[in-house]
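So this one's upload.cif, mmCIF, C-alpha atoms (C1' of nucleotides):
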data_my_file
loop_
_atom_site.label_atom_id
_atom_site.label_comp_id
_atom_site.auth_asym_id
_atom_site.auth_seq_id
_atom_site.Cartn_x
_atom_site.Cartn_y
_atom_site.Cartn_z
CA MET I 6 -28.05 -6.11 13.10
CA ALA I 7 -25.09 -3.77 12.88
CA SER I 8 -26.12 -0.30 11.77
CA GLU I 9 -23.38 1.10 9.52
CA LYS I 10 -22.31 4.68 10.18
CA GLN I 11 -21.38 7.05 7.39
CA PRO I 12 -17.75 8.09 7.76
CA ARG I 13 -16.93 11.74 7.31
CA ALA I 14 -16.04 12.93 3.81
CA ASP I 15 -12.44 13.83 4.65
CA ALA I 16 -11.95 10.44 6.26
CA VAL I 17 -12.99 8.75 3.05
CA ARG I 18 -10.65 10.93 1.03
CA ASN I 19 -7.70 10.28 3.32
CA ARG I 20 -8.24 6.58 3.36
CA ALA I 21 -8.25 6.49 -0.42
CA ALA I 22 -5.13 8.64 -0.59
CA ILE I 23 -3.30 6.21 1.67
CA VAL I 24 -4.33 3.18 -0.35
CA ASP I 25 -3.32 4.92 -3.57
CA ALA I 26 0.09 5.80 -2.19
CA ALA I 27 0.51 2.26 -0.91
CA ARG I 28 -0.38 0.76 -4.26
CA ALA I 29 2.36 2.80 -5.90
CA VAL I 30 4.87 1.69 -3.28
CA PHE I 31 3.87 -1.93 -3.71
CA ASP I 32 4.19 -1.70 -7.44
CA ALA I 33 7.70 -0.33 -7.11
CA GLY I 34 8.59 -3.20 -4.80
CA GLU I 35 9.64 -0.82 -2.02
CA PHE I 36 7.17 -1.93 0.57
CA PHE I 37 9.70 -3.56 2.85
CA ASP I 38 12.23 -0.75 2.62
CA LEU I 39 9.91 1.91 3.95
CA ARG I 40 9.15 2.82 7.53
CA PHE I 41 5.46 2.37 8.10
CA ASP I 42 5.19 6.03 9.10
CA ASP I 43 6.46 6.98 5.67
CA PHE I 44 3.22 5.85 4.10
CA ALA I 45 1.62 8.76 5.92
CA GLY I 46 4.05 11.24 4.39
CA ARG I 47 3.55 9.79 0.94
CA ALA I 48 -0.20 10.12 1.23
CA GLY I 49 0.04 13.63 2.69
CA VAL I 50 -1.51 12.77 6.04
CA GLY I 51 -0.24 12.55 9.62
CA THR I 52 0.87 9.31 11.21
CA GLY I 53 -2.13 9.35 13.51
CA THR I 54 -4.42 9.24 10.52
CA LEU I 55 -2.47 6.42 8.96
CA TYR I 56 -2.71 4.33 12.11
CA ARG I 57 -6.39 5.05 12.62
CA HIS I 58 -7.23 3.75 9.18
CA PHE I 59 -4.72 0.92 9.11
CA PRO I 60 -3.56 -0.29 12.50
CA THR I 61 -0.83 -2.48 10.99
CA ARG I 62 1.21 -2.92 7.85
CA GLU I 63 -0.78 -6.01 7.21
CA ALA I 64 -4.07 -4.16 7.31
CA LEU I 65 -2.82 -1.77 4.66
CA ALA I 66 -1.59 -4.63 2.51
CA ALA I 67 -4.96 -6.31 2.85
CA ALA I 68 -6.70 -3.19 1.58
CA VAL I 69 -4.54 -3.10 -1.53
CA TYR I 70 -4.99 -6.83 -1.95
CA GLU I 71 -8.75 -6.54 -1.82
CA ASN I 72 -8.73 -4.06 -4.69
CA GLU I 73 -6.67 -6.42 -6.75
CA ILE I 74 -8.92 -9.35 -5.95
CA ALA I 75 -11.99 -7.37 -6.91
CA THR I 76 -10.49 -6.67 -10.33
CA LEU I 77 -9.77 -10.34 -10.94
CA ALA I 78 -13.14 -11.49 -9.67
CA ALA I 79 -14.88 -9.01 -11.97
CA ARG I 80 -12.93 -10.37 -14.90
CA ALA I 81 -13.98 -13.91 -14.00
CA GLY I 82 -17.62 -12.89 -13.89
CA GLU I 83 -17.35 -11.23 -17.26
CA LEU I 84 -15.86 -14.35 -18.85
CA ARG I 85 -18.45 -16.57 -17.25
CA ASP I 86 -21.21 -14.50 -18.81
CA THR I 87 -19.83 -14.52 -22.33
CA LEU I 88 -18.16 -17.88 -22.95
CA PRO I 89 -18.67 -21.62 -22.45
CA ALA I 90 -17.45 -22.51 -18.97
CA GLY I 91 -14.50 -24.65 -20.00
CA GLU I 92 -13.13 -21.96 -22.22
CA ALA I 93 -13.83 -19.24 -19.67
CA LEU I 94 -11.79 -21.08 -17.07
CA ASP I 95 -8.92 -21.57 -19.45
CA ILE I 96 -8.83 -17.92 -20.49
CA PHE I 97 -9.30 -16.65 -16.96
CA VAL I 98 -6.27 -18.53 -15.72
CA ARG I 99 -4.11 -17.24 -18.53
CA ASP I 100 -5.39 -13.69 -18.09
CA MET I 101 -4.55 -13.86 -14.45
CA VAL I 102 -1.00 -14.80 -15.29
CA ASP I 103 -0.76 -11.88 -17.71
CA HIS I 104 -2.11 -9.55 -15.08
CA MET I 105 0.53 -10.65 -12.65
CA ARG I 106 3.22 -10.27 -15.24
CA SER I 107 2.34 -6.65 -15.79
CA HIS I 108 2.34 -5.84 -12.08
CA GLU I 109 5.35 -7.75 -10.93
CA GLY I 110 6.23 -5.78 -7.81
CA LEU I 111 2.64 -5.71 -6.70
CA ALA I 112 2.16 -9.44 -7.18
CA ARG I 113 5.33 -10.32 -5.38
CA THR I 114 4.76 -8.02 -2.43
CA LEU I 115 1.17 -9.04 -1.95
CA ALA I 116 2.13 -12.69 -2.08
CA ALA I 117 4.71 -12.12 0.64
CA MET I 118 2.37 -10.14 2.88
CA MET I 119 -0.46 -12.55 2.44
CA THR I 120 1.68 -15.58 3.15
CA ALA I 121 2.99 -14.02 6.33
CA GLY I 122 -0.33 -12.63 7.48
CA SER I 123 -3.09 -14.26 9.46
CA SER I 124 -5.29 -16.88 7.91
CA ASP I 125 -8.45 -15.03 8.74
CA VAL I 126 -7.47 -11.86 6.99
CA ARG I 127 -6.32 -13.73 3.95
CA ALA I 128 -9.42 -15.87 3.80
CA ALA I 129 -11.71 -12.87 4.10
CA SER I 130 -9.82 -10.83 1.53
CA SER I 131 -9.66 -13.61 -1.02
CA GLU I 132 -13.28 -14.58 -0.72
CA PRO I 133 -14.60 -12.83 -3.84
CA LEU I 134 -11.96 -14.44 -6.03
CA GLU I 135 -12.50 -17.78 -4.37
CA ARG I 136 -16.21 -17.50 -5.16
CA ALA I 137 -15.65 -16.48 -8.77
CA VAL I 138 -13.22 -19.31 -9.42
CA ALA I 139 -15.50 -21.79 -7.73
CA GLU I 140 -18.29 -20.74 -10.08
CA LEU I 141 -16.11 -21.18 -13.13
CA VAL I 142 -14.87 -24.59 -12.04
CA THR I 143 -18.29 -25.83 -11.05
CA ALA I 144 -19.81 -24.69 -14.31
CA ALA I 145 -17.05 -26.29 -16.34
CA ALA I 146 -17.49 -29.55 -14.47
CA ARG I 147 -21.27 -29.51 -14.98
CA GLU I 148 -20.74 -28.80 -18.65
CA GLY I 149 -18.43 -31.81 -18.82
CA SER I 150 -15.31 -30.05 -20.03
CA ILE I 151 -13.30 -30.90 -16.92
CA ARG I 152 -13.40 -33.78 -14.49
CA SER I 153 -15.91 -33.44 -11.70
CA ASP I 154 -14.06 -35.04 -8.80
CA VAL I 155 -11.89 -32.00 -8.17
CA ARG I 156 -13.16 -29.37 -5.84
CA PRO I 157 -12.66 -25.73 -6.84
CA GLY I 158 -10.31 -25.18 -3.94
CA ALA I 159 -7.72 -27.37 -5.59
CA VAL I 160 -7.69 -25.00 -8.54
CA MET I 161 -7.43 -21.99 -6.24
CA MET I 162 -4.44 -23.64 -4.67
CA ALA I 163 -2.77 -23.90 -8.01
CA LEU I 164 -3.43 -20.24 -8.76
CA HIS I 165 -2.12 -19.30 -5.37
CA SER I 166 1.15 -20.90 -6.26
CA LEU I 167 1.65 -18.55 -9.18
CA GLY I 168 2.02 -15.69 -6.75
CA ALA I 169 4.08 -17.64 -4.28
CA ALA I 170 6.63 -18.79 -6.81
CA TYR I 171 6.86 -15.41 -8.43
CA ASP I 172 10.56 -14.82 -8.12
CA ARG I 173 11.78 -17.97 -9.75
CA PRO I 174 14.33 -16.99 -12.38
CA ASP I 175 12.34 -18.59 -15.15
CA TRP I 176 8.90 -17.77 -13.90
CA ARG I 177 7.44 -16.86 -17.27
CA ALA I 178 8.18 -20.09 -19.06
CA GLU I 179 7.59 -22.30 -16.05
CA THR I 180 4.23 -20.70 -15.43
CA ASP I 181 3.06 -21.44 -18.94
CA GLU I 182 4.08 -25.03 -18.60
CA PHE I 183 2.61 -25.34 -15.15
CA ILE I 184 -0.70 -23.97 -16.36
CA THR I 185 -0.71 -26.32 -19.29
CA VAL I 186 -0.03 -29.28 -17.04
CA MET I 187 -2.78 -28.26 -14.70
CA LEU I 188 -5.37 -27.69 -17.40
CA ASN I 189 -4.47 -30.99 -19.01
CA GLY I 190 -4.79 -32.66 -15.64
CA LEU I 191 -8.22 -31.16 -15.20
CA ARG I 192 -9.34 -32.51 -18.54
CA ALA I 193 -7.86 -35.97 -18.00
CA ARG I 194 -10.42 -38.60 -17.12
CA MET S 19 40.92 -20.52 -3.04
CA ALA S 20 39.25 -19.67 0.27
CA SER S 21 40.94 -21.43 3.16
CA GLU S 22 38.25 -22.57 5.59
CA LYS S 23 38.99 -21.98 9.26
CA GLN S 24 37.88 -24.42 11.94
CA PRO S 25 35.44 -22.67 14.26
CA ARG S 26 35.93 -23.18 17.94
CA ALA S 27 34.05 -26.02 19.64
CA ASP S 28 31.83 -23.79 21.76
CA ALA S 29 30.90 -21.74 18.72
CA VAL S 30 29.69 -24.86 16.97
CA ARG S 31 27.71 -25.90 20.02
CA ASN S 32 26.08 -22.52 20.38
CA ARG S 33 25.14 -22.32 16.74
CA ALA S 34 23.48 -25.70 16.94
CA ALA S 35 21.66 -24.74 20.13
CA ILE S 36 20.23 -21.67 18.42
CA VAL S 37 19.06 -23.60 15.39
CA ASP S 38 17.48 -26.25 17.62
CA ALA S 39 15.63 -23.65 19.65
CA ALA S 40 14.52 -21.95 16.47
CA ARG S 41 13.21 -25.18 15.00
CA ALA S 42 11.05 -25.68 18.07
CA VAL S 43 9.71 -22.15 17.83
CA PHE S 44 8.95 -22.59 14.16
CA ASP S 45 7.17 -25.83 14.79
CA ALA S 46 4.98 -24.18 17.39
CA GLY S 47 4.13 -21.41 14.94
CA GLU S 48 5.40 -18.72 17.30
CA PHE S 49 8.11 -17.32 15.11
CA PHE S 50 6.41 -14.03 14.43
CA ASP S 51 5.31 -13.45 18.02
CA LEU S 52 8.82 -13.54 19.42
CA ARG S 53 11.35 -10.74 19.66
CA PHE S 54 14.44 -11.77 17.78
CA ASP S 55 16.48 -11.36 20.96
CA ASP S 56 14.31 -14.00 22.60
CA PHE S 57 15.85 -16.67 20.43
CA ALA S 58 19.06 -16.03 22.35
CA GLY S 59 17.34 -16.62 25.68
CA ARG S 60 15.69 -19.79 24.42
CA ALA S 61 19.01 -21.15 23.25
CA GLY S 62 20.76 -20.12 26.47
CA VAL S 63 23.17 -17.68 24.80
CA GLY S 64 23.60 -13.91 24.84
CA THR S 65 22.18 -11.65 22.16
CA GLY S 66 25.64 -10.87 20.87
CA THR S 67 26.17 -14.53 20.12
CA LEU S 68 22.84 -14.80 18.40
CA TYR S 69 23.62 -11.87 16.13
CA ARG S 70 27.12 -13.05 15.35
CA HIS S 71 25.81 -16.36 14.08
CA PHE S 72 22.66 -15.05 12.44
CA PRO S 73 22.74 -11.39 11.53
CA THR S 74 19.02 -11.34 10.71
CA ARG S 75 15.83 -13.23 11.33
CA GLU S 76 15.95 -14.31 7.75
CA ALA S 77 19.39 -15.83 8.15
CA LEU S 78 18.13 -17.94 11.03
CA ALA S 79 15.07 -19.01 9.07
CA ALA S 80 17.32 -19.96 6.17
CA ALA S 81 19.39 -22.21 8.42
CA VAL S 82 16.31 -24.09 9.59
CA TYR S 83 15.03 -24.21 6.04
CA GLU S 84 18.24 -25.72 4.77
CA ASN S 85 17.96 -28.58 7.24
CA GLU S 86 14.47 -29.28 6.07
CA ILE S 87 15.47 -29.17 2.42
CA ALA S 88 18.34 -31.55 3.03
CA THR S 89 15.95 -34.10 4.52
CA LEU S 90 13.65 -33.91 1.53
CA ALA S 91 16.45 -34.03 -0.99
CA ALA S 92 17.88 -37.10 0.70
CA ARG S 93 14.51 -38.78 0.48
CA ALA S 94 14.33 -37.99 -3.23
CA GLY S 95 17.74 -39.51 -3.84
CA GLU S 96 16.75 -42.63 -1.97
CA LEU S 97 13.61 -43.09 -4.07
CA ARG S 98 15.50 -42.45 -7.29
CA ASP S 99 17.91 -45.24 -6.44
CA THR S 100 15.31 -47.85 -5.63
CA LEU S 101 12.33 -47.32 -7.95
CA PRO S 102 11.48 -46.66 -11.59
CA ALA S 103 11.59 -42.92 -12.14
CA GLY S 104 7.89 -42.36 -12.79
CA GLU S 105 6.92 -44.13 -9.62
CA ALA S 106 9.66 -42.43 -7.64
CA LEU S 107 8.36 -39.02 -8.64
CA ASP S 108 4.84 -39.93 -7.72
CA ILE S 109 5.80 -41.25 -4.31
CA PHE S 110 8.17 -38.41 -3.60
CA VAL S 111 5.48 -35.83 -4.13
CA ARG S 112 3.06 -37.64 -1.87
CA ASP S 113 5.73 -38.16 0.79
CA MET S 114 6.51 -34.50 0.72
CA VAL S 115 2.89 -33.70 1.39
CA ASP S 116 2.87 -36.12 4.31
CA HIS S 117 6.01 -34.57 5.69
CA MET S 118 4.44 -31.14 5.60
CA ARG S 119 1.32 -32.43 7.25
CA SER S 120 3.28 -33.65 10.21
CA HIS S 121 5.15 -30.38 10.66
CA GLU S 122 2.42 -27.89 10.02
CA GLY S 123 3.80 -24.91 11.90
CA LEU S 124 7.22 -25.42 10.46
CA ALA S 125 5.97 -25.66 6.90
CA ARG S 126 3.80 -22.61 7.23
CA THR S 127 6.42 -20.43 8.88
CA LEU S 128 9.14 -21.38 6.48
CA ALA S 129 6.88 -20.71 3.54
CA ALA S 130 6.18 -17.24 4.90
CA MET S 131 9.80 -16.42 5.61
CA MET S 132 10.95 -17.72 2.29
CA THR S 133 8.30 -15.82 0.39
CA ALA S 134 9.21 -12.59 2.12
CA GLY S 135 12.96 -13.10 1.97
CA SER S 136 15.39 -12.25 -0.77
CA SER S 137 15.45 -14.27 -3.96
CA ASP S 138 19.10 -15.06 -3.63
CA VAL S 139 18.86 -16.60 -0.21
CA ARG S 140 15.87 -18.63 -1.21
CA ALA S 141 17.44 -19.80 -4.42
CA ALA S 142 20.64 -20.86 -2.67
CA SER S 143 18.83 -22.64 0.15
CA SER S 144 16.48 -24.51 -2.12
CA GLU S 145 19.13 -25.63 -4.53
CA PRO S 146 19.56 -29.21 -3.24
CA LEU S 147 15.85 -29.89 -3.45
CA GLU S 148 15.63 -28.22 -6.83
CA ARG S 149 18.40 -30.49 -8.05
CA ALA S 150 16.85 -33.64 -6.64
CA VAL S 151 13.45 -32.90 -8.14
CA ALA S 152 15.02 -32.02 -11.48
CA GLU S 153 16.72 -35.41 -11.51
CA LEU S 154 13.48 -37.21 -10.78
CA VAL S 155 11.57 -35.31 -13.43
CA THR S 156 14.24 -35.68 -16.07
CA ALA S 157 14.58 -39.38 -15.42
CA ALA S 158 10.83 -39.89 -15.58
CA ALA S 159 10.66 -38.01 -18.86
CA ARG S 160 13.52 -40.00 -20.36
CA GLU S 161 11.83 -43.19 -19.23
CA GLY S 162 8.67 -42.04 -21.01
CA SER S 163 6.35 -42.07 -18.02
CA ILE S 164 5.69 -38.34 -18.18
CA ARG S 165 5.64 -35.83 -21.01
CA SER S 166 8.98 -34.38 -21.93
CA ASP S 167 8.05 -30.81 -22.84
CA VAL S 168 7.76 -29.71 -19.21
CA ARG S 169 10.85 -28.42 -17.51
CA PRO S 170 11.47 -29.57 -13.94
CA GLY S 171 11.00 -26.04 -12.66
CA ALA S 172 7.32 -26.22 -13.47
CA VAL S 173 7.02 -29.16 -11.10
CA MET S 174 9.00 -27.30 -8.42
CA MET S 175 6.56 -24.47 -8.78
CA ALA S 176 3.70 -26.80 -8.08
CA LEU S 177 5.43 -28.16 -4.99
CA HIS S 178 6.15 -24.66 -3.83
CA SER S 179 2.45 -23.96 -3.86
CA LEU S 180 1.80 -26.67 -1.31
CA GLY S 181 3.67 -24.63 1.26
CA ALA S 182 2.21 -21.34 0.16
CA ALA S 183 -1.38 -22.48 0.35
CA TYR S 184 -0.85 -24.24 3.63
CA ASP S 185 -3.51 -22.53 5.67
CA ARG S 186 -6.45 -23.18 3.47
CA PRO S 187 -9.20 -24.64 5.63
CA ASP S 188 -9.43 -27.77 3.53
CA TRP S 189 -5.75 -28.13 2.74
CA ARG S 190 -5.60 -31.86 3.17
CA ALA S 191 -8.25 -32.82 0.70
CA GLU S 192 -7.42 -30.08 -1.75
CA THR S 193 -3.80 -31.05 -1.76
CA ASP S 194 -4.60 -34.62 -2.66
CA GLU S 195 -6.75 -33.48 -5.53
CA PHE S 196 -4.26 -30.92 -6.66
CA ILE S 197 -1.49 -33.51 -6.71
CA THR S 198 -3.66 -35.90 -8.63
CA VAL S 199 -4.49 -33.24 -11.20
CA MET S 200 -0.86 -32.35 -11.58
CA LEU S 201 0.35 -35.92 -11.96
CA ASN S 202 -2.39 -36.60 -14.47
CA GLY S 203 -1.41 -33.50 -16.35
CA LEU S 204 2.17 -34.66 -16.45
CA ARG S 205 1.14 -37.99 -17.93
CA ALA S 206 -1.23 -36.45 -20.48
CA ARG S 207 0.15 -36.35 -23.97
"C1'" DC B 30 -26.73 31.05 8.58
"C1'" DT B 31 -24.82 29.77 13.07
"C1'" DA B 32 -23.61 27.25 16.94
"C1'" DA B 33 -22.96 22.96 19.18
"C1'" DA B 34 -21.88 18.18 18.70
"C1'" DA B 35 -19.59 14.70 16.46
"C1'" DT B 36 -15.87 13.17 13.94
"C1'" DA B 37 -11.28 13.26 12.30
"C1'" DT B 38 -6.56 15.19 12.13
"C1'" DG B 39 -1.35 15.66 12.84
"C1'" DG B 40 2.75 15.13 14.93
"C1'" DA B 41 5.48 15.30 19.43
"C1'" DG B 42 7.08 12.08 22.24
"C1'" DA B 43 6.56 7.49 24.87
"C1'" DT B 44 7.53 2.80 24.07
"C1'" DC B 45 9.78 -1.15 22.46
"C1'" DA B 46 12.45 -4.22 19.34
"C1'" DT B 47 16.82 -4.34 16.94
"C1'" DC B 48 21.57 -4.33 16.83
"C1'" DT B 49 26.49 -2.73 18.32
"C1'" DC B 50 30.32 -2.69 21.11
"C1'" DC B 51 33.83 -4.17 24.11
"C1'" DA B 52 35.52 -5.87 28.74
"C1'" DC B 53 35.67 -10.42 29.89
"C1'" DT B 54 35.70 -15.69 29.38
"C1'" DT B 55 36.83 -19.90 27.09
"C1'" DG B 56 39.26 -22.76 23.98
"C1'" DT B 57 43.48 -23.91 21.35
"C1'" DC B 58 48.17 -24.65 20.35
"C1'" DA B 59 53.11 -25.00 21.30
"C1'" DT Y 16 51.09 -24.03 31.49
"C1'" DG Y 17 51.17 -19.63 29.41
"C1'" DA Y 18 49.86 -16.71 25.81
"C1'" DC Y 19 47.21 -15.71 21.96
"C1'" DA Y 20 43.13 -16.20 19.32
"C1'" DA Y 21 38.40 -16.86 19.21
"C1'" DG Y 22 34.08 -16.35 21.16
"C1'" DT Y 23 30.80 -14.55 24.64
"C1'" DG Y 24 27.08 -11.81 26.98
"C1'" DG Y 25 24.43 -8.16 27.96
"C1'" DA Y 26 24.12 -2.96 28.85
"C1'" DG Y 27 22.87 0.62 26.26
"C1'" DA Y 28 22.57 3.33 21.68
"C1'" DT Y 29 19.65 3.51 17.85
"C1'" DG Y 30 15.73 4.10 15.32
"C1'" DA Y 31 11.02 2.34 14.07
"C1'" DT Y 32 6.34 1.80 15.82
"C1'" DC Y 33 2.41 3.43 17.92
"C1'" DT Y 34 -0.37 6.50 21.37
"C1'" DC Y 35 -2.48 10.47 22.87
"C1'" DC Y 36 -4.81 14.66 22.81
"C1'" DA Y 37 -5.14 19.72 21.72
"C1'" DT Y 38 -6.70 21.39 17.50
"C1'" DA Y 39 -9.26 21.48 13.09
"C1'" DT Y 40 -12.99 20.09 10.05
"C1'" DT Y 41 -17.46 18.31 8.88
"C1'" DT Y 42 -22.15 17.45 9.98
"C1'" DT Y 43 -26.44 18.31 12.22
"C1'" DA Y 44 -29.95 20.87 14.44
"C1'" DG Y 45 -32.14 25.03 15.47
#

Go through the file and emit its structure as structure tokens.
Amino acid sequence: MASEKQPRADAVRNRAAIVDAARAVFDAGEFFDLRFDDFAGRAGVGTGTLYRHFPTREALAAAVYENEIATLAARAGELRDTLPAGEALDIFVRDMVDHMRSHEGLARTLAAMMTAGSSDVRAASSEPLERAVAELVTAAAREGSIRSDVRPGAVMMALHSLGAAYDRPDWRAETDEFITVMLNGLRAR
Amino acid sequence: MASEKQPRADAVRNRAAIVDAARAVFDAGEFFDLRFDDFAGRAGVGTGTLYRHFPTREALAAAVYENEIATLAARAGELRDTLPAGEALDIFVRDMVDHMRSHEGLARTLAAMMTAGSSDVRAASSEPLERAVAELVTAAAREGSIRSDVRPGAVMMALHSLGAAYDRPDWRAETDEFITVMLNGLRAR
DNA sequence: CTAAAATATGGAGATCATCTCCACTTGTCA
DNA sequence: TGACAAGTGGAGATGATCTCCATATTTTAG
């Protein structure tokens, strides 16, 4: 149907430079302090270029988010291919928590942007992770290591909450307990 | 220490009018489409008045949020006084879900504002609910109907996620399953 | 290799939301 | 009822967002 056009080489480079700069800003937790135009300066491009590639703040956030999601989804696939499903699910969830812990600013900022943003964008951007988790959950249920009357989306919801609740003073400890409760709940018959 | 001054009657009326107008806007899901100044028009006051009462969007959102939290916390107290703790917790969680279902736009908008806003504001505004849930959880643990190695905050985190994940296409069904998983996990030994 | 066409760039300046300021109105208190 | 305090509204300053297009770069065709 749609014939995809090759973008020009410099366009590709600029786009990447902007996303890289944005990732750094996110990680430092300065996303909301900066004028949107400043992202152009940071990436060494003009504001026109910034706006052409990312018409809104949200669009830029979505691009960073998609990278992050891809990393997580890849990790899920890897685990699925090398471990029994029940174990893979367990480890994936805990890895995800660790990942968030080591990129605090990023996790918090993306959670905020994604909560505020439009459903459609969020749904589209999260799709690969959604898919990967669904596979893990379905496999674990088939294998019999978790109950089978829970749809994968319920697990995604739980994971979602990790990001949303990120700034709770005792996040670290509460997360561990929350995860334990959830995994126990999944195993309960 | 601090001697509280009575505000003038018209100031009280105006403040209430603004919060009322804001609640309606929230409920309709139009919060992000409106210029902040428009809230003044909707409430029938000037922009100066709006800004005096609520210096930022976030401050206005927090005021609406606090109302909502008070309602929920009151409900929790009521349940605690009339039912065994384990049952009270169970019913409270399910009531909260129902409450969110019947105020979709409100729940979604508040979740977004609160995620984006500062930790301090959020922490202060949520405190009454936090307290009420902590009481329910602690009582249920003491009573022996749920495990006692889970701090109340872990449960709050789970509740938080309900708001955060609000726009998932299948929210209703997933929420029920998620809640079931969590409550089972809490009872698992 | 070169020229023309296609694509992309940067940043000056138009546009628009946010927020301040103060002359005026309303409420309160004696 | 007068006088002082408290509160109001909205015009306009401020500063961020976004558009537009003359110029520059890359690609394609000859």

Skipping near chain neighbours, those fewer than 2 positions away, what residues fall within 8 Å of range 47-62 of chain S using only C-alpha atoms (C1' of nucleotides), listed as a tab-separated table (two decimals) with C-alpha atoms (C1' of nucleotides), in the frame of the given file?
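Contents of selection_5.tsv, as written:
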chain	number	residue	atom	x	y	z
S	32	ASN	CA	26.08	-22.52	20.38
S	35	ALA	CA	21.66	-24.74	20.13
S	36	ILE	CA	20.23	-21.67	18.42
S	38	ASP	CA	17.48	-26.25	17.62
S	39	ALA	CA	15.63	-23.65	19.65
S	40	ALA	CA	14.52	-21.95	16.47
S	43	VAL	CA	9.71	-22.15	17.83
S	44	PHE	CA	8.95	-22.59	14.16
S	45	ASP	CA	7.17	-25.83	14.79
S	64	GLY	CA	23.60	-13.91	24.84
S	65	THR	CA	22.18	-11.65	22.16
S	67	THR	CA	26.17	-14.53	20.12
S	68	LEU	CA	22.84	-14.80	18.40
S	75	ARG	CA	15.83	-13.23	11.33
S	123	GLY	CA	3.80	-24.91	11.90
S	124	LEU	CA	7.22	-25.42	10.46
S	126	ARG	CA	3.80	-22.61	7.23
S	127	THR	CA	6.42	-20.43	8.88
B	46	DA	C1'	12.45	-4.22	19.34
B	47	DT	C1'	16.82	-4.34	16.94

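Closest approach to chain Y from the set S:Thr193, S:Gly66, S:Val30, S:Leu154 is made by S:Gly66, with distances taken over only C-alpha atoms (C1' of nucleotides).
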
- For the structure provided, state which residues fall under the PyMOL selection byres ((chain Y and resi 23) around 7), and present them as an MDAnalysis selection string. (chainID S and resid 67) or (chainID B and resid 54) or (chainID Y and resid 22 24)

- One decimal, Å: what's the distance from C1' of DT49 in chain B over to CA of Ser137 in chain S, could you say?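 Calculated distance between C1' of DT49 in chain B and CA of Ser137 in chain S is 27.4 Å.
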
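Once the PyMOL selection byres ((chain S) within 7 of (chain I)) is applied to the shown structure, the selection contains Ala130, Thr133, Ala134, Ser137, Val168, Gly171, Ala172, Met175, Ala176, His178, Ser179, Ala182, Ala183, Asp185, Glu192, Thr193, Glu195, Phe196, Val199, Met200, Asn202, Gly203, Leu204 and Ala206 of chain S.
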
- Item | Given the PyMOL selection byres ((chain Y) within 8 of (chain I)), the residues it picks as a VMD selection string | chain Y and resid 31 to 33 41

- Item | Distance of CA of Val102 in chain I from CA of Arg119 in chain S, expressed in Å to one decimal place | 28.7 Å

- Task: Report as an MDAnalysis selection string the set of chain B residues whose atoms approach chain I to within 12 Å, with distances computed over only C-alpha atoms (C1' of nucleotides).
- Result: chainID B and resid 35:41

- Up to 10 Å from (-25.2, 15.3, 20.2) in the file's coordinates: name the residues, counting all atoms listed in the file, as JSON, numbers by chain. {"B": [33, 34, 35], "Y": [43, 44]}

- Item | Point-to-point distance in Å for CA of Leu134 in chain I and CA of Ser107 in chain I | 19.0 Å
